[in-house]
$ cat protein_8.csv   # CSV, C-alpha atoms and all ligand atoms
chain,number,residue,atom,x,y,z
R,232,MET,CA,-92.9,23.3,-26.3
R,233,LEU,CA,-89.6,25.0,-25.5
R,234,ILE,CA,-87.6,23.4,-22.7
R,235,ASN,CA,-85.0,25.9,-21.4
R,236,GLN,CA,-83.4,26.6,-18.1
R,237,GLU,CA,-86.0,29.1,-17.0
R,238,PHE,CA,-88.8,26.6,-17.7
R,239,ILE,CA,-87.0,23.8,-15.7
R,240,ASN,CA,-86.4,26.2,-12.8
R,241,HIS,CA,-90.1,26.7,-12.3
R,242,LEU,CA,-90.8,22.9,-12.1
R,243,THR,CA,-90.8,20.8,-8.9
R,244,PRO,CA,-88.3,17.9,-8.7
R,245,VAL,CA,-91.0,15.3,-9.4
R,246,GLU,CA,-92.1,17.2,-12.5
R,247,VAL,CA,-88.5,17.4,-13.7
R,248,SER,CA,-88.1,13.6,-13.2
R,249,PHE,CA,-91.1,13.1,-15.4
R,250,ILE,CA,-89.6,15.1,-18.2
R,251,ARG,CA,-86.3,13.2,-17.9
R,252,ILE,CA,-88.1,9.9,-18.3
R,253,GLY,CA,-90.0,11.3,-21.3
R,254,ILE,CA,-86.8,12.5,-23.0
R,255,GLU,CA,-84.9,9.2,-22.4
R,256,LYS,CA,-87.8,7.4,-24.0
R,257,LEU,CA,-87.7,9.7,-27.0
R,258,TYR,CA,-83.9,9.3,-27.2
R,259,LYS,CA,-84.2,5.5,-27.3
R,260,GLU,CA,-86.8,5.6,-30.0
R,261,LYS,CA,-84.7,8.0,-32.1
R,262,VAL,CA,-81.2,6.6,-31.6
R,263,ARG,CA,-81.1,2.9,-32.4
R,264,PRO,CA,-78.2,0.6,-33.5
R,265,ASP,CA,-79.1,1.2,-37.1
R,266,THR,CA,-79.3,5.0,-36.9
R,267,THR,CA,-77.3,6.4,-39.8
R,268,ASN,CA,-75.2,9.6,-40.0
R,269,TYR,CA,-77.4,10.7,-42.9
R,270,GLU,CA,-80.2,11.3,-40.4
R,271,ASN,CA,-78.0,13.8,-38.6
R,272,VAL,CA,-76.8,15.6,-41.6
R,273,SER,CA,-80.0,15.6,-43.7
R,274,SER,CA,-81.6,18.6,-42.1
R,275,HIS,CA,-78.4,20.7,-42.6
R,276,VAL,CA,-78.1,21.0,-46.3
R,277,GLU,CA,-77.0,24.6,-47.0
R,278,CYS,CA,-75.1,24.6,-50.2
R,279,CYS,CA,-73.8,22.5,-53.1
R,280,PRO,CA,-70.7,20.6,-52.0
R,281,HIS,CA,-69.1,20.9,-55.5
R,282,CYS,CA,-69.4,24.7,-56.2
R,283,GLY,CA,-70.8,26.1,-52.9
R,284,SER,CA,-73.8,27.6,-54.6
R,285,VAL,CA,-77.0,28.0,-52.6
R,286,HIS,CA,-79.2,27.6,-55.6
R,287,PHE,CA,-80.3,24.0,-55.6
R,288,VAL,CA,-83.5,22.0,-55.9
R,289,LYS,CA,-84.8,18.7,-54.7
R,290,ASN,CA,-84.3,16.0,-57.3
R,291,GLY,CA,-85.9,12.7,-56.3
R,292,PHE,CA,-84.6,10.0,-54.0
R,293,ASN,CA,-81.9,7.4,-54.1
R,294,PRO,CA,-82.7,3.6,-53.7
R,295,HIS,CA,-82.3,4.0,-49.9
R,296,HIS,CA,-85.0,6.7,-49.9
R,297,ARG,CA,-82.5,9.5,-49.3
R,298,GLN,CA,-83.2,13.0,-50.7
R,299,LYS,CA,-81.2,14.0,-53.7
R,300,TYR,CA,-80.6,17.5,-54.8
R,301,ARG,CA,-79.5,19.2,-58.1
R,302,CYS,CA,-77.4,22.3,-58.1
R,303,LYS,CA,-78.8,25.0,-60.5
R,304,ASP,CA,-75.3,26.4,-61.1
R,305,CYS,CA,-73.0,23.4,-61.7
R,306,ASN,CA,-75.8,20.9,-62.4
R,307,ALA,CA,-74.3,18.3,-60.1
R,308,VAL,CA,-76.6,15.9,-58.2
R,309,PHE,CA,-75.7,15.5,-54.5
R,310,MET,CA,-77.0,14.3,-51.2
R,311,ALA,CA,-76.7,15.6,-47.7
R,312,THR,CA,-73.6,13.4,-47.0
R,313,THR,CA,-71.9,14.0,-50.3
R,314,GLY,CA,-68.3,15.2,-49.7
R,315,THR,CA,-68.5,15.0,-45.9
R,316,MET,CA,-66.7,12.4,-43.8
R,317,PHE,CA,-69.7,10.1,-44.1
R,318,THR,CA,-69.7,9.7,-47.9
R,319,HIS,CA,-69.5,6.0,-48.7
R,320,SER,CA,-69.2,5.3,-44.9
R,321,LYS,CA,-71.3,2.3,-43.9
R,322,THR,CA,-70.5,3.0,-40.2
R,323,ASN,CA,-73.6,3.9,-38.2
R,324,PHE,CA,-74.1,6.9,-36.0
R,325,ASP,CA,-73.4,5.1,-32.7
R,326,THR,CA,-70.1,3.7,-33.9
R,327,TRP,CA,-69.0,7.0,-35.3
R,328,SER,CA,-69.8,8.6,-32.0
R,329,THR,CA,-67.7,5.9,-30.2
R,330,PHE,CA,-64.9,6.5,-32.6
R,331,ILE,CA,-64.9,10.2,-32.0
R,332,ALA,CA,-64.9,9.6,-28.2
R,333,GLY,CA,-61.8,7.3,-28.8
R,334,GLU,CA,-60.1,10.1,-30.7
R,335,LEU,CA,-60.9,12.6,-28.0
R,336,ASN,CA,-59.0,10.2,-25.7
R,337,SER,CA,-56.1,9.8,-28.2
R,338,LEU,CA,-56.5,6.0,-28.6
R,339,THR,CA,-54.2,4.2,-30.9
R,340,LEU,CA,-55.6,2.5,-34.1
R,341,GLU,CA,-55.4,-0.9,-32.4
R,342,GLN,CA,-57.5,0.4,-29.4
R,343,GLN,CA,-59.9,2.1,-31.8
R,344,SER,CA,-60.3,-1.1,-33.8
R,345,ILE,CA,-61.2,-3.0,-30.6
R,346,ALA,CA,-63.6,-0.2,-29.3
R,347,THR,CA,-65.5,0.1,-32.5
R,348,GLY,CA,-65.3,-3.4,-34.0
R,349,LEU,CA,-64.0,-2.0,-37.3
R,350,SER,CA,-60.8,-2.8,-39.1
R,351,LYS,CA,-57.7,-0.8,-38.5
R,352,THR,CA,-57.8,0.5,-42.1
R,353,THR,CA,-61.3,1.7,-41.7
R,354,CYS,CA,-60.3,3.4,-38.4
R,355,PHE,CA,-57.3,5.0,-40.2
R,356,ASN,CA,-59.5,6.4,-42.9
R,357,MET,CA,-62.1,7.7,-40.4
R,358,ARG,CA,-59.3,9.3,-38.3
R,359,HIS,CA,-57.9,11.3,-41.2
R,360,LYS,CA,-61.2,12.4,-42.5
R,361,LEU,CA,-62.2,13.5,-38.9
R,362,TYR,CA,-58.9,15.4,-38.5
R,363,GLN,CA,-59.4,17.1,-41.9
R,364,ALA,CA,-62.9,18.2,-40.8
R,365,ALA,CA,-61.5,19.5,-37.5
R,366,SER,CA,-58.7,21.5,-39.3
R,367,ARG,CA,-61.1,24.3,-40.2
R,368,VAL,CA,-61.0,25.5,-36.6
R,369,GLN,CA,-57.3,26.2,-36.9
R,370,ASN,CA,-57.3,27.7,-40.4
R,371,GLN,CA,-60.0,30.2,-39.5
R,372,SER,CA,-58.4,31.7,-36.4
R,373,ILE,CA,-56.3,34.9,-36.6
R,374,LEU,CA,-53.9,35.6,-33.8
R,375,SER,CA,-54.1,39.1,-32.2
R,376,GLY,CA,-53.0,41.0,-29.1
R,377,GLU,CA,-50.2,39.2,-27.1
R,378,VAL,CA,-49.0,36.3,-29.1
R,379,GLU,CA,-46.5,33.8,-27.7
R,380,LEU,CA,-44.4,32.3,-30.5
R,381,ASP,CA,-41.9,29.5,-30.1
R,382,PRO,CA,-41.1,26.9,-32.8
R,383,THR,CA,-40.5,23.2,-31.8
R,384,TYR,CA,-38.9,20.3,-33.6
R,385,THR,CA,-39.6,16.7,-34.2
R,386,SER,CA,-37.6,14.0,-36.1
R,387,ILE,CA,-38.7,13.0,-39.6
R,388,ASN,CA,-40.8,9.9,-39.2
R,389,LEU,CA,-41.4,7.7,-42.3
R,390,LYS,CA,-43.9,5.3,-40.6
R,391,GLY,CA,-46.1,3.6,-43.2
R,392,THR,CA,-43.5,4.1,-46.0
R,393,LYS,CA,-42.8,0.9,-47.9
R,394,PRO,CA,-39.1,-0.3,-47.6
R,395,VAL,CA,-38.6,0.0,-51.4
R,396,LYS,CA,-39.7,3.7,-51.3
R,397,MET,CA,-37.5,4.6,-48.3
R,398,PRO,CA,-35.2,7.6,-49.2
R,399,ARG,CA,-32.6,6.3,-46.8
R,400,TYR,CA,-31.4,3.0,-45.4
R,401,SER,CA,-33.2,1.8,-42.3
R,402,LYS,CA,-31.6,2.8,-39.0
R,403,HIS,CA,-30.3,0.0,-36.9
R,404,ARG,CA,-31.5,0.9,-33.4
R,405,GLY,CA,-30.2,-0.1,-30.1
R,406,LYS,CA,-26.8,-1.8,-30.3
R,407,GLY,CA,-26.7,-1.5,-34.1
R,408,ARG,CA,-23.9,-0.2,-36.3
R,409,TYR,CA,-25.5,3.2,-36.8
R,410,ARG,CA,-25.5,4.1,-33.1
R,411,LYS,CA,-21.9,2.9,-32.7
R,412,GLN,CA,-20.8,5.2,-35.5
R,413,ALA,CA,-22.7,8.0,-33.9
R,414,SER,CA,-20.9,7.6,-30.6
R,415,SER,CA,-17.5,7.4,-32.3
R,416,GLY,CA,-17.8,10.9,-33.6
R,417,ASN,CA,-20.1,10.6,-36.6
R,418,THR,CA,-22.5,13.5,-36.6
R,419,LEU,CA,-25.2,12.1,-38.9
R,420,LEU,CA,-27.5,11.3,-36.0
R,421,GLY,CA,-29.6,14.3,-35.1
R,422,LEU,CA,-28.5,16.6,-37.9
R,423,ASN,CA,-30.5,19.8,-38.1
R,424,HIS,CA,-31.9,19.0,-41.5
R,425,HIS,CA,-33.3,15.7,-40.2
R,426,LYS,CA,-35.7,17.7,-38.0
R,427,VAL,CA,-39.1,19.0,-38.9
R,428,CYS,CA,-39.7,22.6,-37.7
R,429,ILE,CA,-43.2,23.1,-36.2
R,430,VAL,CA,-44.4,26.7,-35.8
R,431,ALA,CA,-46.4,27.1,-32.6
R,432,ALA,CA,-48.1,30.2,-31.4
R,433,ILE,CA,-51.0,31.1,-29.1
R,434,ASP,CA,-52.6,34.5,-28.4
R,435,GLU,CA,-54.2,35.9,-25.3
R,436,HIS,CA,-57.7,34.8,-26.6
R,437,ASP,CA,-56.4,31.2,-26.9
R,438,ASN,CA,-56.4,31.3,-30.7
R,439,MET,CA,-53.7,28.9,-31.9
R,440,LEU,CA,-51.3,28.4,-34.8
R,441,PHE,CA,-49.7,24.9,-35.0
R,442,LYS,CA,-48.2,24.2,-38.4
R,443,VAL,CA,-45.6,22.1,-40.0
R,444,GLY,CA,-43.1,24.8,-41.1
R,445,GLY,CA,-40.5,22.9,-43.0
R,446,LEU,CA,-37.1,21.3,-42.7
R,447,GLY,CA,-34.4,22.2,-40.3
R,448,ARG,CA,-33.9,25.2,-38.0
R,449,GLU,CA,-36.4,28.0,-37.7
R,450,SER,CA,-35.8,30.7,-40.3
R,451,PHE,CA,-37.5,33.9,-41.5
R,452,ASP,CA,-39.1,32.0,-44.5
R,453,ILE,CA,-40.5,29.3,-42.3
R,454,LEU,CA,-42.1,31.8,-39.9
R,455,ASN,CA,-43.2,34.3,-42.6
R,456,GLN,CA,-45.3,31.7,-44.6
R,457,PHE,CA,-47.9,32.0,-41.9
R,458,ARG,CA,-47.9,35.8,-41.9
R,459,ASP,CA,-51.6,36.0,-42.7
R,460,HIS,CA,-52.5,34.2,-39.4
R,461,TYR,CA,-51.4,37.3,-37.4
R,462,SER,CA,-53.3,40.5,-37.2
R,463,SER,CA,-51.2,43.7,-37.6
R,464,ASN,CA,-51.8,44.7,-33.9
R,465,SER,CA,-50.0,41.5,-32.6
R,466,MET,CA,-47.3,41.8,-30.0
R,467,ILE,CA,-44.9,38.8,-30.4
R,468,ILE,CA,-43.6,37.4,-27.1
R,469,SER,CA,-40.6,35.2,-27.9
R,470,ASP,CA,-36.9,34.4,-27.2
R,471,ASP,CA,-34.2,36.5,-28.8
R,472,SER,CA,-33.6,34.3,-31.8
R,473,HIS,CA,-32.4,36.1,-34.9
R,474,SER,CA,-35.0,34.6,-37.3
R,475,ILE,CA,-38.0,35.5,-35.0
R,476,GLN,CA,-36.7,39.0,-34.5
R,477,THR,CA,-36.3,39.4,-38.3
R,478,PHE,CA,-39.9,38.2,-38.7
R,479,VAL,CA,-41.1,40.6,-36.1
R,480,SER,CA,-39.3,43.7,-37.5
R,481,LYS,CA,-40.1,43.0,-41.2
R,482,ASN,CA,-43.8,42.7,-40.4
R,483,ARG,CA,-43.7,45.7,-38.0
R,484,PHE,CA,-45.2,43.8,-35.1
R,485,ARG,CA,-44.6,45.0,-31.6
R,486,SER,CA,-42.4,42.6,-29.6
R,487,ASP,CA,-41.5,41.5,-26.1
R,488,ILE,CA,-38.2,39.6,-26.0
R,489,ILE,CA,-37.3,37.1,-23.3
R,490,PRO,CA,-33.5,37.2,-22.9
R,491,SER,CA,-31.7,33.8,-23.4
R,492,ASN,CA,-30.7,33.5,-19.7
R,493,ALA,CA,-34.2,34.2,-18.4
R,494,LEU,CA,-37.7,32.6,-18.3
R,495,THR,CA,-39.7,35.8,-18.5
R,496,SER,CA,-39.3,39.1,-20.3
R,497,PRO,CA,-38.4,42.2,-18.3
R,498,SER,CA,-42.1,43.0,-18.2
R,499,GLY,CA,-42.9,39.6,-16.8
R,500,ARG,CA,-44.3,37.8,-19.9
R,501,SER,CA,-43.4,34.2,-20.7
R,502,VAL,CA,-44.0,31.6,-23.4
R,503,ALA,CA,-45.6,29.1,-20.9
R,504,SER,CA,-48.8,28.5,-22.9
R,505,VAL,CA,-47.0,27.8,-26.1
R,506,ASN,CA,-44.6,25.4,-24.3
R,507,GLU,CA,-47.7,23.6,-23.1
R,508,MET,CA,-48.6,23.0,-26.7
R,509,HIS,CA,-45.1,21.6,-27.3
R,510,THR,CA,-45.5,19.2,-24.3
R,511,GLU,CA,-48.9,18.0,-25.5
R,512,LEU,CA,-47.4,17.2,-28.9
R,513,LYS,CA,-44.5,15.3,-27.4
R,514,ASN,CA,-47.0,13.3,-25.2
R,515,LEU,CA,-49.2,12.6,-28.2
R,516,ILE,CA,-46.2,11.4,-30.2
R,517,ARG,CA,-45.1,9.1,-27.3
R,518,ARG,CA,-48.6,7.7,-26.8
R,519,LYS,CA,-49.0,6.9,-30.6
R,520,HIS,CA,-45.5,5.4,-30.7
R,521,GLY,CA,-44.5,8.0,-33.3
R,522,ILE,CA,-46.5,10.0,-35.9
R,523,SER,CA,-45.6,9.9,-39.5
R,524,THR,CA,-44.4,13.2,-40.9
R,525,ARG,CA,-46.8,12.8,-43.9
R,526,HIS,CA,-49.8,13.0,-41.5
R,527,LEU,CA,-48.3,15.3,-38.8
R,528,GLN,CA,-50.3,18.3,-39.8
R,529,GLY,CA,-53.5,16.4,-39.3
R,530,TYR,CA,-52.5,15.5,-35.7
R,531,LEU,CA,-51.5,19.1,-35.0
R,532,ASP,CA,-55.0,20.2,-36.3
R,533,TRP,CA,-56.6,17.7,-34.0
R,534,LEU,CA,-54.6,18.9,-31.0
R,535,VAL,CA,-55.7,22.4,-31.6
R,536,PHE,CA,-59.3,21.2,-32.0
R,537,LEU,CA,-59.1,19.3,-28.7
R,538,LYS,CA,-57.6,22.4,-26.9
R,539,CYS,CA,-60.5,24.5,-28.2
R,540,LEU,CA,-63.1,22.0,-26.9
R,541,ARG,CA,-61.3,21.9,-23.5
R,542,TYR,CA,-61.2,25.7,-23.2
R,543,THR,CA,-64.8,26.3,-24.2
R,544,LEU,CA,-66.9,23.3,-23.1
R,545,ASP,CA,-67.9,21.0,-20.3
R,546,MET,CA,-66.3,17.5,-20.8
R,547,ARG,CA,-69.7,15.8,-21.2
R,548,LYS,CA,-70.4,17.9,-24.3
R,549,TRP,CA,-67.2,17.1,-26.1
R,550,ARG,CA,-68.4,14.1,-28.0
R,551,PRO,CA,-71.7,15.5,-29.4
R,552,GLU,CA,-70.1,18.9,-30.0
R,553,ALA,CA,-67.1,17.3,-31.9
R,554,TYR,CA,-69.6,15.4,-34.0
R,555,MET,CA,-71.7,18.5,-34.7
R,556,MET,CA,-68.7,20.7,-35.6
R,557,THR,CA,-67.2,18.2,-38.0
R,558,MET,CA,-70.2,16.5,-39.7
R,559,LYS,CA,-70.9,19.1,-42.3
R,560,GLU,CA,-67.3,19.8,-43.3
R,561,ILE,CA,-66.3,19.0,-46.9
R,562,ILE,CA,-63.4,16.5,-47.1
R,563,PRO,CA,-61.2,17.3,-50.1
R,564,PHE,CA,-59.8,13.8,-50.6
R,565,ARG,CA,-61.0,10.2,-50.9
R,566,CYS,CA,-59.9,7.3,-48.6
R,567,CYS,CA,-57.5,5.9,-51.2
R,568,ASP,CA,-55.7,9.3,-51.4
R,569,ILE,CA,-54.8,9.4,-47.7
R,570,PRO,CA,-51.7,7.2,-47.8
R,571,LYS,CA,-50.5,9.1,-50.9
R,572,LYS,CA,-50.8,12.5,-49.2
R,573,PRO,CA,-47.8,14.7,-50.3
R,574,MET,CA,-45.0,15.0,-47.8
R,575,PRO,CA,-44.9,18.5,-46.2
R,576,ILE,CA,-41.1,18.5,-46.4
R,577,SER,CA,-38.6,17.6,-49.2
R,578,LEU,CA,-37.1,14.2,-48.4
R,579,TYR,CA,-34.6,14.7,-51.1
R,580,ALA,CA,-33.2,17.7,-49.2
R,581,ALA,CA,-33.4,15.9,-45.9
R,582,TYR,CA,-31.4,12.9,-47.0
R,583,SER,CA,-29.1,14.7,-49.5
R,584,GLU,CA,-26.1,13.1,-48.0
R,585,TYR,CA,-27.3,9.7,-49.2
R,586,HIS,CA,-27.5,10.9,-52.7
R,587,TYR,CA,-24.0,12.3,-52.6
R,588,GLY,CA,-22.7,9.0,-51.4
R,589,ILE,CA,-21.5,10.2,-48.0
R,590,TYR,CA,-23.3,7.3,-46.4
R,591,SER,CA,-21.5,4.8,-48.5
R,592,LEU,CA,-18.2,6.4,-47.7
R,593,ILE,CA,-18.6,6.0,-43.9
R,594,ASN,CA,-19.9,2.5,-44.3
A,601,ZN,ZN,-72.9,23.3,-57.6
$ encode --input "protein_8.csv" --output "structure tokens"
Amino acid sequence: MLINQEFINHLTPVEVSFIRIGIEKLYKEKVRPDTTNYENVSSHVECCPHCGSVHFVKNGFNPHHRQKYRCKDCNAVFMATTGTMFTHSKTNFDTWSTFIAGELNSLTLEQQSIATGLSKTTCFNMRHKLYQAASRVQNQSILSGEVELDPTYTSINLKGTKPVKMPRYSKHRGKGRYRKQASSGNTLLGLNHHKVCIVAAIDEHDNMLFKVGGLGRESFDILNQFRDHYSSNSMIISDDSHSIQTFVSKNRFRSDIIPSNALTSPSGRSVASVNEMHTELKNLIRRKHGISTRHLQGYLDWLVFLKCLRYTLDMRKWRPEAYMMTMKEIIPFRCCDIPKKPMPISLYAAYSEYHYGIYSLIN
């Protein structure tokens, strides 16, 4: 029997209440505390997670009675959860669902650990797998039509880096020496090359680009590395910065320039939507007490994912929809690789003054 809106509309209120009781009973029988993620993913096997081939055959069961498959092209044996964020995850469906709800509300790792009853390390790994799965939303979207473009900046954050691996000396905060030197004319604090440039753009259809661009001020190279994310009919709405205008003219985009002393262009366009993305990032960084530069791209991807959910869906559908959208994605790393993720910027370039001994001079 197919239950759709039309079918429900023809029923009387008492009949609908019968269906509701029936569905709730079915739900309770189906989703129990020991329901696994495998049960959600198992009916969605579409291709081999190793080579992407659609030619595979059933190949017996594993000791937990889960269907195994063998790829006819690369000969690999796999299961429904192989390569997804649920590989080797002992966390059940209910807890994953609670965890996703926590991420939708931007909880910190401590809060997630309390909400799910899992360790902070497990939550950390689950978070970065989830963000990776969500990143596909961003990487697939192509900006077109009116595109607001405005880069933003954040300080380099080395959270999670072991003291022995620090490329610089620790900053003494508050009343420490470093700040005193800064106020007495030392310009080391807040140098341009200590900032990470984040390229932010949004088009009229709410497609977004939110990428770690590189070190220091916006430049043609930083902007142009994401050239493929714009369609050729784009019209770039931006301020009159030289690097953006070079990017626009070299790619032959149309442009609408907002003069430096105005909030809107002569034709009335602004970069309000992209500034909203900046604000959301600043708020997220504050709520998480800083985000390490190593994992910054993951958080940007997650912010874009959240915004897409917000634009397209009723709030009550966010949690199941976020689960559905991410559950089949292939995660290209293992848990133990997450802390070793390569830095998106060169720390050597960022802290070059330490290598040239300037720091020791001013000490
Ligand atoms: Zn294969």
$ residues_near_ligand --input "protein_8.csv" --ligand "ligand ZN 601 (chain A)" --cutoff "10 Å" --atoms "all atoms listed in the file" --output "MDAnalysis selection string"
chainID R and resid 278:287 301:309
$ closest_residue --input "protein_8.csv" --among "R:Leu340, R:Ile516, R:Ile453, R:Ile576" --to "Thr353 (chain R)" --atoms "only C-alpha atoms"
R:Leu340
$ closest_residue --input "protein_8.csv" --among "R:Ser450, R:Thr315, R:Asn388, R:Ser583" --to "Ala365 (chain R)" --atoms "only C-alpha atoms"
R:Thr315
$ residues_near_point --input "protein_8.csv" --point "(-54.4, 38.8, -25.2)" --cutoff "9 Å" --atoms "all atoms listed in the file" --output "list in words"
Ser375, Gly376, Glu377, Val378, Asp434, Glu435, His436 and Asp437 of chain R
$ atom_distance --input "protein_8.csv" --atom1 "CA of Ser337 (chain R)" --atom2 "CA of Met558 (chain R)"
19.4 Å
$ closest_residue --input "protein_8.csv" --among "R:Asp545, R:Glu511, R:Asp532, R:Asp487" --to "Lys360 (chain R)" --atoms "only C-alpha atoms"
R:Asp532
$ residues_around --input "protein_8.csv" --residues "Pro551 (chain R)" --least-positions-apart "4" --cutoff "10 Å" --atoms "all atoms listed in the file" --output "ChimeraX atom specification"
/R:328,331-332,547,555-556
$ residues_around --input "protein_8.csv" --residues "Leu349 (chain R)" --least-positions-apart "4" --cutoff "12 Å" --atoms "only C-alpha atoms" --output "count of residues only"
19
$ atom_distance --input "protein_8.csv" --atom1 "CA of Thr318 (chain R)" --atom2 "CA of Leu257 (chain R)"
27.6 Å
$ atom_distance --input "protein_8.csv" --atom1 "CA of Gln456 (chain R)" --atom2 "CA of Thr392 (chain R)"
27.7 Å
$ closest_residue --input "protein_8.csv" --among "R:Ser523, R:Asp459, R:Tyr269, R:Leu578" --to "Pro398 (chain R)" --atoms "all atoms listed in the file"
R:Leu578
$ closest_residue --input "protein_8.csv" --among "R:Lys442, R:Ala581, R:Phe484, R:Leu338" --to "Leu515 (chain R)" --atoms "all atoms listed in the file"
R:Leu338
$ closest_residue --input "protein_8.csv" --among "R:Asn271, R:Gln298, R:Asn492, R:Ser366" --to "Leu537 (chain R)" --atoms "all atoms listed in the file"
R:Ser366
$ residues_around --input "protein_8.csv" --residues "Val502 (chain R)" --least-positions-apart "4" --cutoff "12 Å" --atoms "all atoms listed in the file" --output "VMD selection string"
chain R and resid 377 to 382 431 to 435 467 to 470 487 to 490 493 to 496 506 to 509
$ write_last_selection --input "protein_8.csv" --atoms "C-alpha atoms" --output "PDB file, in the coordinates of the input"
ATOM      1  CA  GLU R 377     -50.200  39.200 -27.100  1.00  0.00           C
ATOM      2  CA  VAL R 378     -49.000  36.300 -29.100  1.00  0.00           C
ATOM      3  CA  GLU R 379     -46.500  33.800 -27.700  1.00  0.00           C
ATOM      4  CA  LEU R 380     -44.400  32.300 -30.500  1.00  0.00           C
ATOM      5  CA  ASP R 381     -41.900  29.500 -30.100  1.00  0.00           C
ATOM      6  CA  PRO R 382     -41.100  26.900 -32.800  1.00  0.00           C
ATOM      7  CA  ALA R 431     -46.400  27.100 -32.600  1.00  0.00           C
ATOM      8  CA  ALA R 432     -48.100  30.200 -31.400  1.00  0.00           C
ATOM      9  CA  ILE R 433     -51.000  31.100 -29.100  1.00  0.00           C
ATOM     10  CA  ASP R 434     -52.600  34.500 -28.400  1.00  0.00           C
ATOM     11  CA  GLU R 435     -54.200  35.900 -25.300  1.00  0.00           C
ATOM     12  CA  ILE R 467     -44.900  38.800 -30.400  1.00  0.00           C
ATOM     13  CA  ILE R 468     -43.600  37.400 -27.100  1.00  0.00           C
ATOM     14  CA  SER R 469     -40.600  35.200 -27.900  1.00  0.00           C
ATOM     15  CA  ASP R 470     -36.900  34.400 -27.200  1.00  0.00           C
ATOM     16  CA  ASP R 487     -41.500  41.500 -26.100  1.00  0.00           C
ATOM     17  CA  ILE R 488     -38.200  39.600 -26.000  1.00  0.00           C
ATOM     18  CA  ILE R 489     -37.300  37.100 -23.300  1.00  0.00           C
ATOM     19  CA  PRO R 490     -33.500  37.200 -22.900  1.00  0.00           C
ATOM     20  CA  ALA R 493     -34.200  34.200 -18.400  1.00  0.00           C
ATOM     21  CA  LEU R 494     -37.700  32.600 -18.300  1.00  0.00           C
ATOM     22  CA  THR R 495     -39.700  35.800 -18.500  1.00  0.00           C
ATOM     23  CA  SER R 496     -39.300  39.100 -20.300  1.00  0.00           C
ATOM     24  CA  ASN R 506     -44.600  25.400 -24.300  1.00  0.00           C
ATOM     25  CA  GLU R 507     -47.700  23.600 -23.100  1.00  0.00           C
ATOM     26  CA  MET R 508     -48.600  23.000 -26.700  1.00  0.00           C
ATOM     27  CA  HIS R 509     -45.100  21.600 -27.300  1.00  0.00           C
TER      28      HIS R 509
END
